[in-house]
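Engineer: Structure file model.csv (CSV, C-alpha atoms) is given on the next line.
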chain,number,residue,atom,x,y,z
A,635,MET,CA,32.7,-26.0,38.9
A,636,LYS,CA,32.9,-25.2,35.2
A,637,LYS,CA,29.3,-24.0,35.3
A,638,ARG,CA,30.2,-21.4,37.9
A,639,TYR,CA,33.1,-20.1,35.8
A,640,VAL,CA,30.9,-19.8,32.7
A,641,ILE,CA,28.2,-18.0,34.7
A,642,VAL,CA,30.6,-15.6,36.3
A,643,LEU,CA,32.3,-15.0,32.9
A,644,ALA,CA,29.0,-14.4,31.2
A,645,GLY,CA,28.0,-12.0,34.0
A,646,LEU,CA,31.2,-10.0,33.7
A,647,VAL,CA,30.8,-9.7,29.9
A,648,MET,CA,27.2,-8.5,30.3
A,649,ALA,CA,28.3,-6.0,33.0
A,650,ALA,CA,31.0,-4.7,30.7
A,651,PHE,CA,28.5,-4.2,27.9
A,652,MET,CA,26.1,-2.5,30.2
A,653,LEU,CA,28.7,-0.1,31.5
A,654,SER,CA,30.0,0.7,28.0
A,655,GLY,CA,26.5,1.2,26.6
A,656,CYS,CA,27.2,-1.2,23.8
A,657,GLY,CA,28.8,1.5,21.7
A,658,ALA,CA,25.9,3.9,21.8
A,659,GLY,CA,26.8,7.5,21.5
A,660,ARG,CA,30.6,6.9,21.1
A,661,VAL,CA,32.7,9.8,20.1
A,662,ASN,CA,34.9,9.1,17.1
A,663,GLN,CA,38.5,10.3,16.6
A,664,ASN,CA,37.3,13.7,15.3
A,665,GLY,CA,35.3,14.3,18.4
A,666,ASN,CA,32.0,13.9,16.6
A,667,ASN,CA,29.2,11.9,18.0
A,668,SER,CA,28.7,8.8,15.8
A,669,SER,CA,25.0,8.6,16.5
A,670,THR,CA,24.5,12.1,15.0
A,671,ARG,CA,26.4,11.0,11.9
A,672,ASN,CA,24.2,7.9,11.6
A,673,GLU,CA,21.1,10.0,11.9
A,674,GLU,CA,22.4,12.3,9.1
A,675,GLU,CA,23.1,9.3,6.9
A,676,LEU,CA,19.6,7.9,7.7
A,677,GLN,CA,18.0,11.2,6.9
A,678,ALA,CA,19.9,11.4,3.6
A,679,GLU,CA,18.7,7.9,2.7
A,680,ILE,CA,15.1,8.8,3.6
A,681,ASP,CA,15.3,11.9,1.3
A,682,ALA,CA,16.7,9.8,-1.5
A,683,LEU,CA,13.9,7.3,-1.2
A,684,GLN,CA,11.3,10.1,-1.1
A,685,GLN,CA,12.8,11.5,-4.3
A,686,GLU,CA,12.6,8.1,-5.9
A,687,ILE,CA,8.9,7.8,-4.9
A,688,ASP,CA,8.2,11.3,-6.4
A,689,ASP,CA,9.9,10.3,-9.6
A,690,LEU,CA,7.8,7.1,-9.9
A,691,LYS,CA,4.6,9.1,-9.3
A,692,SER,CA,5.5,11.6,-12.0
A,693,ALA,CA,6.5,8.8,-14.4
A,694,GLN,CA,3.1,7.1,-13.8
A,695,GLY,CA,1.4,10.5,-14.5
A,696,GLN,CA,3.3,10.7,-17.8
A,697,GLN,CA,2.4,7.1,-18.7
A,698,ASP,CA,-1.3,7.6,-17.9
A,699,ASP,CA,-2.0,10.7,-20.1
A,700,GLY,CA,1.2,11.3,-22.0
A,701,THR,CA,2.1,14.5,-20.0
A,702,ALA,CA,3.4,15.3,-16.6
A,703,ASP,CA,0.7,15.1,-13.9
A,704,ASP,CA,0.3,18.5,-12.5
A,705,GLY,CA,-3.1,17.6,-11.0
A,706,GLN,CA,-5.0,20.7,-12.2
A,707,ALA,CA,-6.0,19.5,-15.7
A,708,GLU,CA,-7.0,16.1,-14.3
A,709,ASP,CA,-9.1,17.7,-11.6
A,710,SER,CA,-11.0,19.9,-14.1
A,711,ALA,CA,-11.6,16.9,-16.4
A,712,ARG,CA,-12.7,14.8,-13.5
A,713,THR,CA,-15.3,17.3,-12.3
A,714,THR,CA,-16.9,17.7,-15.8
A,715,ASP,CA,-17.2,14.0,-16.5
A,716,ASP,CA,-17.8,12.7,-12.9
A,717,SER,CA,-21.6,12.7,-12.9
A,718,ALA,CA,-22.0,11.0,-16.3
A,719,ALA,CA,-19.4,8.3,-15.5
A,720,GLN,CA,-20.9,7.6,-12.1
A,721,SER,CA,-24.4,7.0,-13.6
A,722,ASN,CA,-23.0,4.8,-16.4
A,723,ALA,CA,-21.0,2.8,-13.9
A,724,GLN,CA,-23.9,2.3,-11.6
A,725,SER,CA,-26.3,1.3,-14.3
A,726,SER,CA,-24.0,-1.3,-15.7
A,727,THR,CA,-22.8,-2.9,-12.5
A,728,GLY,CA,-25.5,-2.6,-9.9
A,729,GLN,CA,-23.9,-1.0,-6.9
A,730,ALA,CA,-20.6,0.0,-8.6
A,731,SER,CA,-19.5,3.6,-8.5
A,732,GLY,CA,-17.0,5.4,-10.7
A,733,SER,CA,-15.6,8.0,-8.3
A,734,THR,CA,-12.6,8.9,-10.4
A,735,ALA,CA,-14.0,9.7,-13.8
A,736,GLY,CA,-11.7,10.2,-16.8
A,737,ALA,CA,-9.0,8.1,-15.3
A,738,ASN,CA,-6.8,6.4,-18.0
A,739,VAL,CA,-6.6,2.8,-16.7
A,740,ALA,CA,-6.0,-0.4,-18.5
A,741,VAL,CA,-8.6,-2.5,-16.6
A,742,THR,CA,-12.3,-1.4,-16.9
A,743,LEU,CA,-14.7,-1.4,-14.0
A,744,GLU,CA,-16.5,-4.4,-15.5
A,745,GLU,CA,-13.2,-6.4,-15.9
A,746,ALA,CA,-12.3,-5.7,-12.3
A,747,GLN,CA,-15.7,-6.8,-11.2
A,748,ASN,CA,-15.3,-10.1,-13.1
A,749,ILE,CA,-11.8,-10.6,-11.6
A,750,ALA,CA,-13.2,-10.3,-8.1
A,751,LEU,CA,-16.3,-12.5,-8.8
A,752,GLU,CA,-14.1,-15.3,-10.2
A,753,ARG,CA,-12.7,-15.7,-6.7
A,754,VAL,CA,-16.2,-16.3,-5.2
A,755,PRO,CA,-18.0,-19.2,-6.8
A,756,GLY,CA,-21.8,-18.5,-7.0
A,757,ALA,CA,-21.5,-14.7,-6.4
A,758,THR,CA,-23.1,-12.4,-9.1
A,759,ALA,CA,-23.1,-8.7,-9.9
A,760,GLU,CA,-25.9,-8.3,-7.3
A,761,HIS,CA,-23.5,-9.2,-4.5
A,762,ILE,CA,-20.6,-6.8,-5.4
A,763,SER,CA,-19.9,-3.2,-4.6
A,764,ILE,CA,-16.9,-1.8,-6.4
A,765,GLU,CA,-15.4,1.7,-7.2
A,766,LEU,CA,-12.3,3.2,-8.8
A,767,ASP,CA,-10.2,5.0,-6.3
A,768,GLU,CA,-7.0,7.1,-6.7
A,769,ASP,CA,-4.4,7.2,-4.0
A,770,ASP,CA,-1.3,9.3,-4.5
A,771,GLY,CA,-1.6,9.0,-8.3
A,772,TRP,CA,-2.2,5.2,-8.3
A,773,TYR,CA,-5.5,3.9,-9.4
A,774,ILE,CA,-7.1,0.8,-7.7
A,775,TYR,CA,-10.5,-0.7,-7.7
A,776,GLU,CA,-11.8,-1.2,-4.1
A,777,GLY,CA,-14.8,-3.1,-3.2
A,778,ASP,CA,-16.5,-5.9,-1.4
A,779,ILE,CA,-18.7,-8.9,-2.1
A,780,LEU,CA,-21.4,-10.0,0.4
A,781,TYR,CA,-22.3,-13.5,-0.4
A,782,ASN,CA,-23.3,-16.6,1.5
A,783,ARG,CA,-22.8,-15.0,5.0
A,784,MET,CA,-19.3,-13.9,4.0
A,785,GLU,CA,-17.7,-10.5,3.3
A,786,TYR,CA,-14.9,-10.4,0.9
A,787,GLU,CA,-12.9,-7.1,0.8
A,788,PHE,CA,-10.5,-6.6,-2.1
A,789,GLU,CA,-8.3,-4.1,-4.0
A,790,ILE,CA,-7.4,-4.6,-7.6
A,791,ASP,CA,-4.7,-2.7,-9.5
A,792,ALA,CA,-6.4,-0.7,-12.2
A,793,ASN,CA,-3.5,-0.9,-14.6
A,794,THR,CA,-2.6,-4.6,-14.3
A,795,GLY,CA,-5.7,-6.4,-13.0
A,796,ASN,CA,-3.6,-8.0,-10.2
A,797,ILE,CA,-5.4,-8.5,-6.9
A,798,LEU,CA,-3.5,-6.4,-4.3
A,799,LYS,CA,-5.6,-7.3,-1.2
A,800,TRP,CA,-8.1,-10.0,-0.5
A,801,GLU,CA,-9.7,-10.4,2.9
A,802,GLU,CA,-12.5,-12.8,3.9
A,803,GLU,CA,-14.7,-12.4,7.0
A,804,ARG,CA,-17.7,-14.4,8.1
A,805,TRP,CA,-20.7,-12.3,9.4
I'd like the structure from this file rewritten - as structure tokens, please.
Structural biologist:
Amino acid sequence: MKKRYVIVLAGLVMAAFMLSGCGAGRVNQNGNNSSTRNEEELQAEIDALQQEIDDLKSAQGQQDDGTADDGQAEDSARTTDDSAAQSNAQSSTGQASGSTAGANVAVTLEEAQNIALERVPGATAEHISIELDEDDGWYIYEGDILYNRMEYEFEIDANTGNILKWEEERW
């Protein structure tokens, strides 16, 4: 008998929630729709977070070269030094490629290569392909190691040497 009362009571509570819409789109005392206000608050928070990201990017640009990163000076320096840096990087690391020449990073291409190779016992420079990549002002080394019927894909922070991504797949 108690089960029936509990079931009926639960059914009534659920029906009341369904009919009321669980508070969605309620109008507050001022006659404003509360969901619109919440959307405005959410948009303000998104805008604040976007501003914070932009500030961090410009701070990294200042840290990297001592000036604000306007992109134009870096692009011109990159195009003049790109071919020489690529050939130097390829000759010293086999399949390595320096796609972002002139980047002011704390970890060299060779150091990033050694960090990755330490994770795969037996792998050598012949097995690795690595390049420096810029993504929204952040420099990372991306690459893969093909060794012993395994593919290891990785990303290494070019300023700290920390491994950001490491994936292994048998082929």
Engineer: If I take CA of Pro755 in chain A and CA of Thr794 in chain A, how far is one from the other in Å, to one decimal?
Structural biologist: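 Computed distance, CA of Pro755 in chain A to CA of Thr794 in chain A, equals 22.5 Å.
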Engineer: Could you check the closest approach to Gly771 in chain A for each of A:Asp681, A:Glu673, A:Glu801, A:Asp689 and tell me which residue wins, using all atoms listed in the file?
Structural biologist: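 Under the stated criterion, the closest residue is A:Asp689.
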Engineer: Taking all atoms listed in the file into account, which of A:Asp770, A:Gly645, A:Asn738, A:Glu803 comes nearest Arg783 in chain A?
Structural biologist: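 Residue with the minimum atom-to-atom distance to Arg783 in chain A: A:Glu803.
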Engineer: What is the distance between CA of Tyr773 in chain A and CA of Asn793 in chain A, in Å to one decimal?
Structural biologist: 7.4 Å
Engineer: What is the distance between CA of His761 in chain A and CA of Gly777 in chain A, in Å to one decimal?
Structural biologist: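 Distance reported for this atom pair: 10.7 Å.
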Engineer: Using only C-alpha atoms, which of A:Asn748, A:Thr758, A:Gln685, A:Thr742 sits nearest Ile774 in chain A?
Structural biologist: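 Between A:Asn748, A:Thr758, A:Gln685, A:Thr742, the residue approaching Ile774 in chain A most closely is A:Thr742.
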Engineer: Taking into account only C-alpha atoms, which residue in the set A:Ala740, A:Tyr781, A:Met635, A:Leu683 is nearest to Glu760 in chain A?
Structural biologist: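 Result for the nearest residue to Glu760 in chain A: A:Tyr781.
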Engineer: So, with all atoms listed in the file as the atoms that count, which of A:Ala682, A:Val741, A:Ala750, A:Leu690 lies closest to Lys799 in chain A?
Structural biologist: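 Checking each candidate against Lys799 in chain A, we get A:Ala750 as the closest.
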Engineer: Can you list, as an MDAnalysis selection string, every protein, DNA or RNA residue that comes within 12 Å of Arg753 in chain A when you count only C-alpha atoms, leaving out same-chain residues fewer than 2 positions away?
Structural biologist: chainID A and resid 746:751 755:758 762 778:779 781 786:788 797 800:802
